[in-house]
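Source file: model-v2.tsv. Holds: TSV, C-alpha atoms.
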chain	number	residue	atom	x	y	z
A	1	MET	CA	11.33	22.87	-16.03
A	2	LYS	CA	14.43	23.40	-13.88
A	3	GLU	CA	14.13	19.87	-12.45
A	4	ILE	CA	13.73	18.42	-15.95
A	5	LYS	CA	16.78	20.34	-17.20
A	6	ASP	CA	18.85	19.12	-14.24
A	7	ASP	CA	17.80	15.52	-14.87
A	8	LEU	CA	18.59	15.85	-18.57
A	9	VAL	CA	22.07	17.22	-17.85
A	10	GLN	CA	22.82	14.37	-15.43
A	11	LEU	CA	21.61	11.79	-17.94
A	12	ILE	CA	23.77	13.27	-20.71
A	13	ARG	CA	26.84	13.29	-18.47
A	14	LEU	CA	26.39	9.64	-17.60
A	15	ALA	CA	25.74	8.62	-21.21
A	16	LEU	CA	28.77	10.46	-22.58
A	17	ALA	CA	30.92	8.82	-19.90
A	18	GLU	CA	29.65	5.45	-21.23
A	19	GLN	CA	28.54	4.45	-17.74
A	20	THR	CA	25.73	2.17	-18.90
A	21	ASP	CA	24.86	0.70	-15.51
A	22	ASP	CA	24.73	4.19	-14.00
A	23	VAL	CA	22.43	5.34	-16.79
A	24	ARG	CA	20.02	2.50	-16.01
A	25	LEU	CA	20.08	3.31	-12.28
A	26	PHE	CA	19.43	6.97	-12.96
A	27	VAL	CA	16.59	6.18	-15.37
A	28	ALA	CA	15.03	3.90	-12.76
A	29	ARG	CA	15.23	6.79	-10.34
A	30	LEU	CA	13.43	9.00	-12.89
A	31	VAL	CA	10.65	6.42	-13.15
A	32	ARG	CA	10.02	6.70	-9.41
A	33	LYS	CA	10.27	10.49	-9.53
A	34	TYR	CA	7.76	11.02	-12.37
A	35	ARG	CA	5.40	8.10	-11.67
A	36	ASP	CA	2.62	10.27	-10.24
A	37	GLY	CA	3.11	13.39	-12.34
A	38	ASP	CA	3.45	11.85	-15.82
A	39	PRO	CA	2.36	8.17	-15.99
A	40	GLU	CA	2.54	8.11	-19.83
A	41	LEU	CA	6.20	9.19	-19.76
A	42	VAL	CA	6.97	6.60	-17.08
A	43	GLU	CA	5.31	3.85	-19.13
A	44	GLN	CA	7.42	4.75	-22.16
A	45	ILE	CA	10.63	4.84	-20.10
A	46	ASN	CA	9.79	1.44	-18.60
A	47	LEU	CA	9.43	-0.03	-22.08
A	48	TYR	CA	12.97	1.10	-22.93
A	49	LEU	CA	14.32	-0.27	-19.66
A	50	LYS	CA	12.75	-3.68	-20.32
A	51	SER	CA	13.75	-3.81	-24.00
A	52	LYS	CA	17.48	-3.95	-23.24
A	53	PRO	CA	18.31	-6.17	-20.24
A	54	THR	CA	21.46	-5.51	-18.27
A	55	ARG	CA	24.45	-7.50	-19.48
A	56	LYS	CA	25.44	-10.06	-16.86
A	57	SER	CA	28.95	-11.05	-17.82
A	58	THR	CA	30.76	-8.12	-19.37
A	59	ALA	CA	34.51	-7.76	-18.96
A	60	LEU	CA	33.95	-4.68	-16.82
A	61	ARG	CA	31.61	-6.56	-14.47
A	62	LYS	CA	34.08	-9.44	-14.14
A	63	THR	CA	36.85	-7.00	-13.32
A	64	THR	CA	34.68	-5.28	-10.72
A	65	ILE	CA	33.95	-8.59	-8.99
A	66	ALA	CA	37.54	-9.74	-9.17
A	67	SER	CA	39.17	-6.51	-8.06
A	68	LYS	CA	37.88	-4.34	-5.24
A	69	GLU	CA	39.92	-1.33	-6.38
A	70	THR	CA	37.76	-0.87	-9.49
A	71	VAL	CA	34.67	-0.13	-7.34
A	72	LEU	CA	35.19	3.60	-7.39
A	73	PRO	CA	33.48	6.02	-5.00
A	74	ARG	CA	30.54	7.92	-6.47
A	75	ASP	CA	28.56	11.05	-5.79
A	76	ASP	CA	25.28	10.01	-4.12
A	77	GLU	CA	23.28	12.64	-5.98
A	78	SER	CA	24.46	12.21	-9.57
A	79	ARG	CA	25.93	8.67	-9.24
A	80	LEU	CA	28.96	9.90	-11.18
A	81	SER	CA	32.32	8.34	-10.36
A	82	LEU	CA	34.48	10.73	-8.34
A	83	LEU	CA	37.72	9.46	-9.86
A	84	LYS	CA	39.06	8.93	-13.37
A	85	VAL	CA	41.42	5.98	-13.70
A	86	PHE	CA	44.54	5.60	-15.86
A	87	LYS	CA	46.53	2.38	-15.98
A	88	ASP	CA	49.17	3.11	-18.60
A	89	LYS	CA	52.14	0.94	-19.45
A	90	PRO	CA	55.61	2.50	-19.28
A	91	ASP	CA	55.82	2.87	-23.08
A	92	ASP	CA	52.29	4.28	-23.49
A	93	VAL	CA	52.98	7.88	-22.46
A	94	HIS	CA	55.94	10.08	-23.37
A	95	PRO	CA	55.95	13.54	-21.79
A	96	LEU	CA	58.49	16.03	-23.12
A	97	LEU	CA	60.55	17.04	-20.08
A	98	SER	CA	63.41	19.45	-19.56
A	99	THR	CA	66.66	18.10	-18.10
A	100	GLU	CA	65.84	19.72	-14.76
A	101	LEU	CA	62.39	18.11	-14.66
A	102	GLU	CA	63.83	14.73	-15.63
A	103	ASP	CA	66.29	14.95	-12.74
A	104	THR	CA	63.61	15.97	-10.22
A	105	LEU	CA	61.14	13.30	-11.28
A	106	GLY	CA	63.91	10.74	-11.67
A	107	GLN	CA	64.78	11.12	-7.98
A	108	LEU	CA	61.12	10.80	-7.05
A	109	ILE	CA	60.95	7.51	-8.97
A	110	GLN	CA	64.15	6.23	-7.36
A	111	GLU	CA	62.81	7.06	-3.91
A	112	ARG	CA	59.79	4.88	-4.60
A	113	LYS	CA	61.93	2.04	-5.90
A	114	GLN	CA	64.26	2.16	-2.88
A	115	VAL	CA	61.78	2.60	-0.04
A	116	ALA	CA	63.53	-0.06	2.06
A	117	LYS	CA	66.85	1.78	1.89
A	118	LEU	CA	65.22	5.04	2.94
A	119	ALA	CA	63.37	3.29	5.76
A	120	SER	CA	66.64	1.82	7.07
A	121	LEU	CA	67.83	5.40	7.50
A	122	GLY	CA	64.60	6.53	9.13
A	123	LEU	CA	63.40	8.33	6.00
A	124	ASP	CA	60.15	8.31	4.04
A	125	PRO	CA	59.92	8.86	0.27
A	126	THR	CA	58.32	12.06	-1.03
A	127	ARG	CA	54.63	11.71	-0.21
A	128	SER	CA	53.22	14.73	-2.03
A	129	ALA	CA	54.10	17.14	-4.82
A	130	ILE	CA	52.39	20.04	-6.55
A	131	PHE	CA	52.85	20.64	-10.29
A	132	VAL	CA	52.70	24.29	-11.31
A	133	GLY	CA	52.48	25.59	-14.87
A	134	LYS	CA	50.34	27.00	-17.63
A	135	PRO	CA	47.73	24.80	-19.35
A	136	GLY	CA	49.17	22.40	-21.90
A	137	VAL	CA	52.70	22.10	-20.49
A	138	GLY	CA	52.28	18.42	-19.61
A	139	LYS	CA	51.26	18.26	-15.93
A	140	THR	CA	48.59	15.59	-16.33
A	141	LEU	CA	50.58	13.60	-18.91
A	142	THR	CA	53.59	13.64	-16.59
A	143	SER	CA	51.40	12.30	-13.77
A	144	ARG	CA	50.33	9.43	-16.01
A	145	TRP	CA	53.97	8.80	-16.95
A	146	LEU	CA	55.03	8.72	-13.30
A	147	ALA	CA	52.32	6.21	-12.45
A	148	ALA	CA	53.31	4.04	-15.41
A	149	GLN	CA	57.00	4.08	-14.41
A	150	LEU	CA	56.07	2.99	-10.89
A	151	ASN	CA	53.52	0.42	-12.13
A	152	LEU	CA	50.78	2.07	-10.11
A	153	PRO	CA	47.25	3.16	-11.09
A	154	LEU	CA	46.68	6.90	-11.41
A	155	TYR	CA	43.43	8.26	-10.02
A	156	VAL	CA	42.42	11.77	-11.03
A	157	LEU	CA	39.90	13.56	-8.84
A	158	ASP	CA	37.03	14.65	-11.09
A	159	LEU	CA	36.03	18.05	-9.71
A	160	THR	CA	32.85	18.21	-11.80
A	161	ALA	CA	31.58	15.20	-9.89
A	162	VAL	CA	32.99	16.23	-6.52
A	163	MET	CA	31.31	19.64	-6.44
A	164	SER	CA	27.86	18.41	-5.48
A	165	SER	CA	24.93	20.78	-5.68
A	166	LEU	CA	23.93	19.65	-2.19
A	167	LEU	CA	25.46	21.79	0.53
A	168	GLY	CA	27.97	19.77	2.53
A	169	ARG	CA	28.25	16.94	0.00
A	170	SER	CA	31.43	18.27	-1.64
A	171	GLY	CA	33.48	17.74	1.52
A	172	SER	CA	32.10	14.23	1.87
A	173	ASN	CA	32.92	13.51	-1.77
A	174	ILE	CA	36.52	14.62	-1.39
A	175	ARG	CA	36.92	12.58	1.79
A	176	ALA	CA	35.46	9.51	0.04
A	177	ALA	CA	37.85	9.90	-2.91
A	178	LEU	CA	40.87	10.45	-0.67
A	179	ASP	CA	39.98	7.54	1.63
A	180	PHE	CA	39.65	5.27	-1.41
A	181	ALA	CA	43.07	6.37	-2.75
A	182	LYS	CA	44.69	5.76	0.64
A	183	SER	CA	43.35	2.20	0.81
A	184	SER	CA	45.98	0.79	-1.59
A	185	PRO	CA	49.23	1.96	-3.24
A	186	CYS	CA	48.46	4.41	-6.06
A	187	ILE	CA	49.05	7.93	-7.31
A	188	LEU	CA	46.24	10.41	-6.77
A	189	LEU	CA	46.13	13.64	-8.79
A	190	LEU	CA	44.07	16.59	-7.58
A	191	ASP	CA	43.81	18.38	-10.92
A	192	GLU	CA	43.12	22.13	-11.03
A	193	ILE	CA	43.38	22.22	-7.26
A	194	ASP	CA	43.01	26.01	-7.31
A	195	SER	CA	39.31	25.43	-8.07
A	196	ILE	CA	38.71	23.98	-4.61
A	197	ALA	CA	41.75	24.99	-2.53
A	198	LYS	CA	41.56	28.77	-2.69
A	199	ARG	CA	42.82	31.07	0.03
A	200	ARG	CA	40.56	30.82	3.03
A	201	SER	CA	40.83	34.61	3.38
A	202	ASP	CA	39.06	35.06	0.02
A	203	ASP	CA	35.79	36.70	1.05
A	204	SER	CA	34.22	35.92	-2.34
A	205	ASP	CA	34.21	32.21	-1.53
A	206	ILE	CA	31.34	30.43	0.10
A	207	GLY	CA	31.94	28.59	3.36
A	208	GLU	CA	31.73	25.23	1.61
A	209	LEU	CA	34.90	25.83	-0.40
A	210	LYS	CA	36.75	27.06	2.67
A	211	ARG	CA	35.88	23.82	4.45
A	212	LEU	CA	37.26	21.85	1.51
A	213	VAL	CA	40.66	23.49	2.01
A	214	THR	CA	40.66	22.27	5.59
A	215	VAL	CA	39.83	18.74	4.43
A	216	ILE	CA	42.74	18.72	1.98
A	217	LEU	CA	45.15	20.15	4.57
A	218	GLN	CA	44.28	17.37	6.99
A	219	GLU	CA	44.68	14.68	4.34
A	220	LEU	CA	48.07	16.00	3.22
A	221	ASP	CA	49.36	15.73	6.79
A	222	GLU	CA	48.17	12.13	7.07
A	223	TRP	CA	48.94	10.81	3.58
A	224	PRO	CA	50.53	7.32	3.74
A	225	ALA	CA	54.14	6.92	2.63
A	226	GLU	CA	53.25	4.04	0.27
A	227	GLY	CA	51.08	6.39	-1.80
A	228	LEU	CA	51.87	9.56	-3.73
A	229	LEU	CA	49.55	12.57	-3.70
A	230	LEU	CA	49.96	14.99	-6.60
A	231	ALA	CA	48.21	18.29	-7.25
A	232	ALA	CA	48.25	20.45	-10.36
A	233	THR	CA	47.46	24.14	-10.76
A	234	ASN	CA	47.50	26.81	-13.45
A	235	HIS	CA	46.96	29.56	-10.88
A	236	PRO	CA	49.32	29.18	-7.89
A	237	GLU	CA	48.49	32.70	-6.71
A	238	LEU	CA	44.96	31.56	-5.79
A	239	ILE	CA	46.01	28.71	-3.53
A	240	ASP	CA	45.87	28.99	0.24
A	241	PRO	CA	49.42	29.59	1.58
A	242	ALA	CA	48.97	26.88	4.21
A	243	LEU	CA	48.54	24.38	1.41
A	244	TRP	CA	51.93	25.20	-0.12
A	245	ARG	CA	53.66	24.34	3.13
A	246	ARG	CA	52.07	20.89	3.22
A	247	PHE	CA	53.52	19.66	-0.08
A	248	ASP	CA	56.90	17.94	0.11
A	249	LEU	CA	57.88	19.03	-3.40
A	250	LYS	CA	57.01	21.88	-5.76
A	251	VAL	CA	57.64	21.18	-9.47
A	252	GLU	CA	57.61	24.07	-11.95
A	253	PHE	CA	56.58	23.30	-15.54
A	254	GLU	CA	57.89	26.08	-17.77
A	255	LEU	CA	56.87	26.81	-21.35
A	256	PRO	CA	59.30	25.01	-23.68
A	257	ASP	CA	62.46	26.76	-24.88
A	258	ARG	CA	63.65	26.75	-28.50
A	259	LYS	CA	65.53	23.44	-28.11
A	260	SER	CA	62.56	21.71	-26.48
A	261	ILE	CA	60.23	23.07	-29.16
A	262	LYS	CA	62.39	21.55	-31.91
A	263	GLU	CA	62.28	18.21	-30.11
A	264	ALA	CA	58.50	18.52	-29.81
A	265	ILE	CA	58.15	19.28	-33.53
A	266	GLN	CA	60.09	16.13	-34.37
A	267	HIS	CA	58.12	14.08	-31.83
A	268	PHE	CA	54.70	15.26	-33.02
A	269	SER	CA	55.56	15.12	-36.74
A	270	GLY	CA	56.11	11.37	-36.77
A	271	GLN	CA	56.86	10.08	-40.27
A	272	ASP	CA	56.15	13.53	-41.75
A	273	TYR	CA	59.24	14.96	-40.07
A	274	ALA	CA	61.24	14.06	-43.18
A	275	LEU	CA	59.24	16.77	-44.96
A	276	LEU	CA	58.82	19.23	-42.10
A	277	SER	CA	62.39	19.06	-40.80
A	278	ARG	CA	63.57	21.80	-43.17
A	279	TRP	CA	61.17	24.17	-41.40
A	280	ALA	CA	62.21	23.11	-37.87
A	281	ASP	CA	64.20	26.26	-37.00
A	282	VAL	CA	61.55	28.58	-38.42
A	283	LEU	CA	58.70	26.78	-36.66
A	284	ALA	CA	60.65	26.64	-33.39
A	285	PHE	CA	60.98	30.44	-33.49
A	286	ALA	CA	57.29	30.87	-34.36
A	287	PHE	CA	56.17	28.52	-31.57
A	288	GLU	CA	58.02	30.38	-28.80
A	289	GLY	CA	55.64	31.12	-25.94
A	290	GLU	CA	53.32	28.24	-26.86
A	291	SER	CA	52.67	25.11	-24.81
A	292	PHE	CA	53.35	21.55	-25.94
A	293	SER	CA	49.64	20.97	-26.50
A	294	ASP	CA	49.43	24.08	-28.72
A	295	ILE	CA	52.40	22.85	-30.74
A	296	GLU	CA	50.90	19.38	-31.08
A	297	ARG	CA	47.58	20.77	-32.35
A	298	ALA	CA	49.31	22.89	-34.99
A	299	ILE	CA	51.56	20.06	-36.17
A	300	GLN	CA	48.63	17.65	-36.36
A	301	ARG	CA	46.77	20.20	-38.48
A	302	PHE	CA	49.76	20.38	-40.83
A	303	ARG	CA	49.90	16.60	-41.06
A	304	ARG	CA	46.21	16.29	-41.89
A	305	ALA	CA	46.56	18.87	-44.67
A	306	LEU	CA	49.60	17.03	-46.04
A	307	ALA	CA	47.75	13.71	-45.95
A	308	LEU	CA	44.79	15.17	-47.84
A	309	GLY	CA	46.98	17.08	-50.28
A	310	THR	CA	45.07	20.31	-49.64
A	311	ASP	CA	48.24	22.40	-49.14
A	312	SER	CA	51.97	22.20	-49.70
A	313	ASP	CA	54.26	22.36	-46.69
A	314	ALA	CA	55.61	25.73	-47.89
A	315	ASP	CA	52.13	27.26	-48.18
A	316	MET	CA	51.10	25.97	-44.75
A	317	VAL	CA	54.24	27.24	-43.05
A	318	GLU	CA	53.96	30.63	-44.74
A	319	ASP	CA	50.33	31.05	-43.65
A	320	PHE	CA	51.20	29.97	-40.12
A	321	ILE	CA	54.20	32.25	-39.64
A	322	LYS	CA	52.21	35.21	-40.98
A	323	THR	CA	49.72	34.79	-38.14
A	324	ARG	CA	52.53	34.39	-35.60
A	325	ALA	CA	54.59	37.35	-36.86
A	326	ILE	CA	51.74	39.78	-36.22
A	327	ASN	CA	52.14	39.36	-32.45
A	328	LEU	CA	55.95	39.78	-32.35
A	329	ASP	CA	57.57	42.98	-31.13
A	330	ARG	CA	59.81	45.00	-33.46
A	331	GLN	CA	63.09	43.35	-32.45
A	332	LYS	CA	61.62	39.84	-32.69
A	333	LYS	CA	60.23	40.61	-36.13
A	334	ILE	CA	63.72	41.61	-37.30
A	335	GLU	CA	65.24	38.44	-35.83
A	336	PHE	CA	62.53	36.37	-37.47
A	337	SER	CA	63.10	38.10	-40.83
A	338	VAL	CA	66.83	37.33	-40.72
A	339	LEU	CA	66.13	33.70	-39.80
A	340	LEU	CA	63.67	33.37	-42.72
A	341	ALA	CA	66.21	34.87	-45.11
A	342	LYS	CA	68.87	32.40	-43.97
A	343	GLN	CA	66.79	29.26	-43.52
A	344	THR	CA	64.20	29.42	-46.31
A	345	ARG	CA	63.92	30.20	-50.00
A	346	PHE	CA	61.48	33.04	-49.39
A	347	SER	CA	62.50	36.20	-51.19
A	348	GLN	CA	63.20	39.32	-49.16
A	349	HIS	CA	60.06	40.78	-50.67
A	350	ALA	CA	57.99	37.82	-49.38
A	351	ILE	CA	59.67	38.01	-45.96
A	352	SER	CA	58.86	41.71	-45.78
A	353	ASP	CA	55.20	40.91	-46.51
A	354	ILE	CA	55.17	38.24	-43.82
A	355	THR	CA	56.87	40.18	-41.01
A	356	GLY	CA	56.31	43.81	-41.96
A	357	VAL	CA	60.06	44.48	-41.80
A	358	SER	CA	61.40	46.51	-44.73
A	359	ARG	CA	63.80	44.90	-47.19
A	360	ASP	CA	66.43	47.55	-46.39
A	361	THR	CA	66.32	46.56	-42.73
A	362	ILE	CA	66.53	42.87	-43.61
A	363	ARG	CA	69.55	43.48	-45.87
A	364	LYS	CA	71.25	45.61	-43.22
A	365	HIS	CA	70.94	42.94	-40.53
A	366	LEU	CA	71.98	40.18	-42.90
A	367	LYS	CA	75.09	42.17	-43.70
A	368	ASP	CA	75.78	42.80	-40.00
A	369	ASP	CA	75.48	39.06	-39.33
A	370	LYS	CA	78.08	38.12	-41.94
A	371	PRO	CA	81.42	37.13	-40.37
A	372	THR	CA	84.25	39.55	-41.05
A	373	GLU	CA	87.40	38.36	-42.78
A	374	GLY	CA	89.56	36.30	-40.45
A	375	ASP	CA	86.65	35.16	-38.17

Represent the structure from my file as structure tokens, please.
Amino acid sequence: MKEIKDDLVQLIRLALAEQTDDVRLFVARLVRKYRDGDPELVEQINLYLKSKPTRKSTALRKTTIASKETVLPRDDESRLSLLKVFKDKPDDVHPLLSTELEDTLGQLIQERKQVAKLASLGLDPTRSAIFVGKPGVGKTLTSRWLAAQLNLPLYVLDLTAVMSSLLGRSGSNIRAALDFAKSSPCILLLDEIDSIAKRRSDDSDIGELKRLVTVILQELDEWPAEGLLLAATNHPELIDPALWRRFDLKVEFELPDRKSIKEAIQHFSGQDYALLSRWADVLAFAFEGESFSDIERAIQRFRRALALGTDSDADMVEDFIKTRAINLDRQKKIEFSVLLAKQTRFSQHAISDITGVSRDTIRKHLKDDKPTEGD
């Protein structure tokens, strides 16, 4: 039963990835595997294989023949591709970046565009960088944006495929993926690198993972200047210290501040911003501490409700800020109450119900905020 479950999982993974040719190869492998044990099953599988012949001239097949770089390395056991590929155009992706991030990444782009000038001075462009930040702050999207700006393909190392169940295969998989990425100019992203590049002193790790760290360290030292190796992590504290020293650049992705949140609300609201703009200040306060992806999900939920007419914008915002206000500390609740009193038509009674701040306290702080005569 365990073997059957493993085969079923592999088949589902391939099917969901829409890797039709790989599905057929894997099914053919199953025919050989179960030929002696279950001939009736094999006969039925063979009928399905013969009923739908392989397409001979699909666009994908033409591209594979015409371009060597699309023949991606695969795991020998599962036949899954080790790399995900993104080939975005410059206008396809729009990460929301702080001014500091824009400056840092802007220099990285300029270095790549002026390689000859750097070379004339005996300098190489930045060869590697590690992106650090909580989930949803835009690390992967920024990697795609960088690749698009430089007109390079982005390859993302798929750790689910790399971590083979066969002892020793994981290191070979990583080497195969890295060797492929080094063969032509590209950007390679090692996403969630903390999953495979943990501290080698971590006694809870098996030897296999510790060997993977050594593989990555070696590759970082030898990465070609015409390529760019990126890594992303949500847990920098788990990463082997030796790895930090190998990266040319460390880029911190912070949670968005109030100004960035307002920009995100406008960006994600699209044509509905005309309606939601009056709530921008209130929502920006409520979204503090959330990532861009969290904000996008909430705004998209608002937009769907507006499109279906299931709720008014006022009802949606009120329900949302009630859930957010519960988690605020006392001082933040007071600040939020004052903002609601100034920016919305909610009564003080309604604001008190939302935030739990008494009306007397709201009135007192509103009075304290009023400018004195002559200000």

* Asked: Got a sec: who's within 10 Å of Ala225 of chain A, counting all atoms listed in the file, leaving out chain neighbours fewer than 3 positions off, as a ChimeraX atom specification?
  -> /A:112,115,123-128,182,185,222,228-229

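Atom CA of Asp7 of chain A lies 13.0 Å from atom CA of Leu80 of chain A.
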
How big is the axis-aligned box around the listed atoms of segment 174-187 of chain A once 5 Å is added on each side, and where is its centre? Give both in Å to one decimal, as JSON.
{"center_x": 42.3, "center_y": 7.7, "center_z": -2.8, "size_x": 23.8, "size_y": 23.8, "size_z": 19.1}

* **Among listed residues A:Val282, A:Val31, A:Ala176, A:Ala298, nearest Ser81 of chain A (using all atoms listed in the file)** => A:Ala176

* Asked: Suppose you want the space between atom CA of Glu43 of chain A and atom CA of Leu11 of chain A; what is it in Å?
  -> 18.2 Å

* Suppose you want the space between atom CA of Leu146 of chain A and atom CA of Trp244 of chain A; what is it in Å? ->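 For atom CA of Leu146 of chain A relative to atom CA of Trp244 of chain A, the distance reads 21.3 Å.
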
* Neighbours of Leu188 of chain A within 9 Å (only C-alpha atoms; same-chain residues fewer than 6 positions away dropped), as a VMD selection string? -> chain A and resid 143 153 to 157 178 181 to 182 227 to 231

* Nearest candidate to Leu255 of chain A (options A:Cys186, A:Leu328, A:Val132, A:Leu308; using all atoms listed in the file) -> A:Val132

* To do: Just the residues within 12 Å of Leu41 of chain A, please, counting only C-alpha atoms, with nothing from its chain fewer than 5 positions along; format it as a ChimeraX atom specification.
  => /A:27,30-36,46-48

* To do: Would you kindly return, as a ChimeraX atom specification, each protein, DNA or RNA residue with an atom no farther than 10 Å from any atom of Gly289 of chain A, considering all atoms listed in the file and excluding same-chain residues fewer than 4 positions away?
  => /A:254-258,261,285,294

* Within 8 Å of segment 215-218 of chain A using all atoms listed in the file, minus same-chain residues under 4 positions, as a ChimeraX atom specification -> /A:171,174-175,197,211,222,242-243,246

* **Of the listed residues A:Gln114, A:Ser291, A:Thr20, A:Thr214, that which approaches Ser260 of chain A most closely, counting all atoms listed in the file** =>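 Among the listed residues, A:Ser291 lies closest to Ser260 of chain A.
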
* Using all atoms listed in the file, pick whichever of A:Val85, A:Leu97, A:Leu150, A:Leu212 has the shortest atom-to-atom distance to Lys113 of chain A. => A:Leu150

* To do: Point out the residue among A:Arg278, A:Lys322, A:Arg359, A:Lys134 with the least atom-to-atom distance to Phe292 of chain A, counting all atoms listed in the file.
  =>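 That would be A:Lys134, the residue with the smallest distance to Phe292 of chain A.
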
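For the set A:Val251, A:Met316, A:Val137, A:Ala116, the residue with the smallest atom-to-atom gap to Asp103 of chain A is A:Val251, counting only C-alpha atoms.
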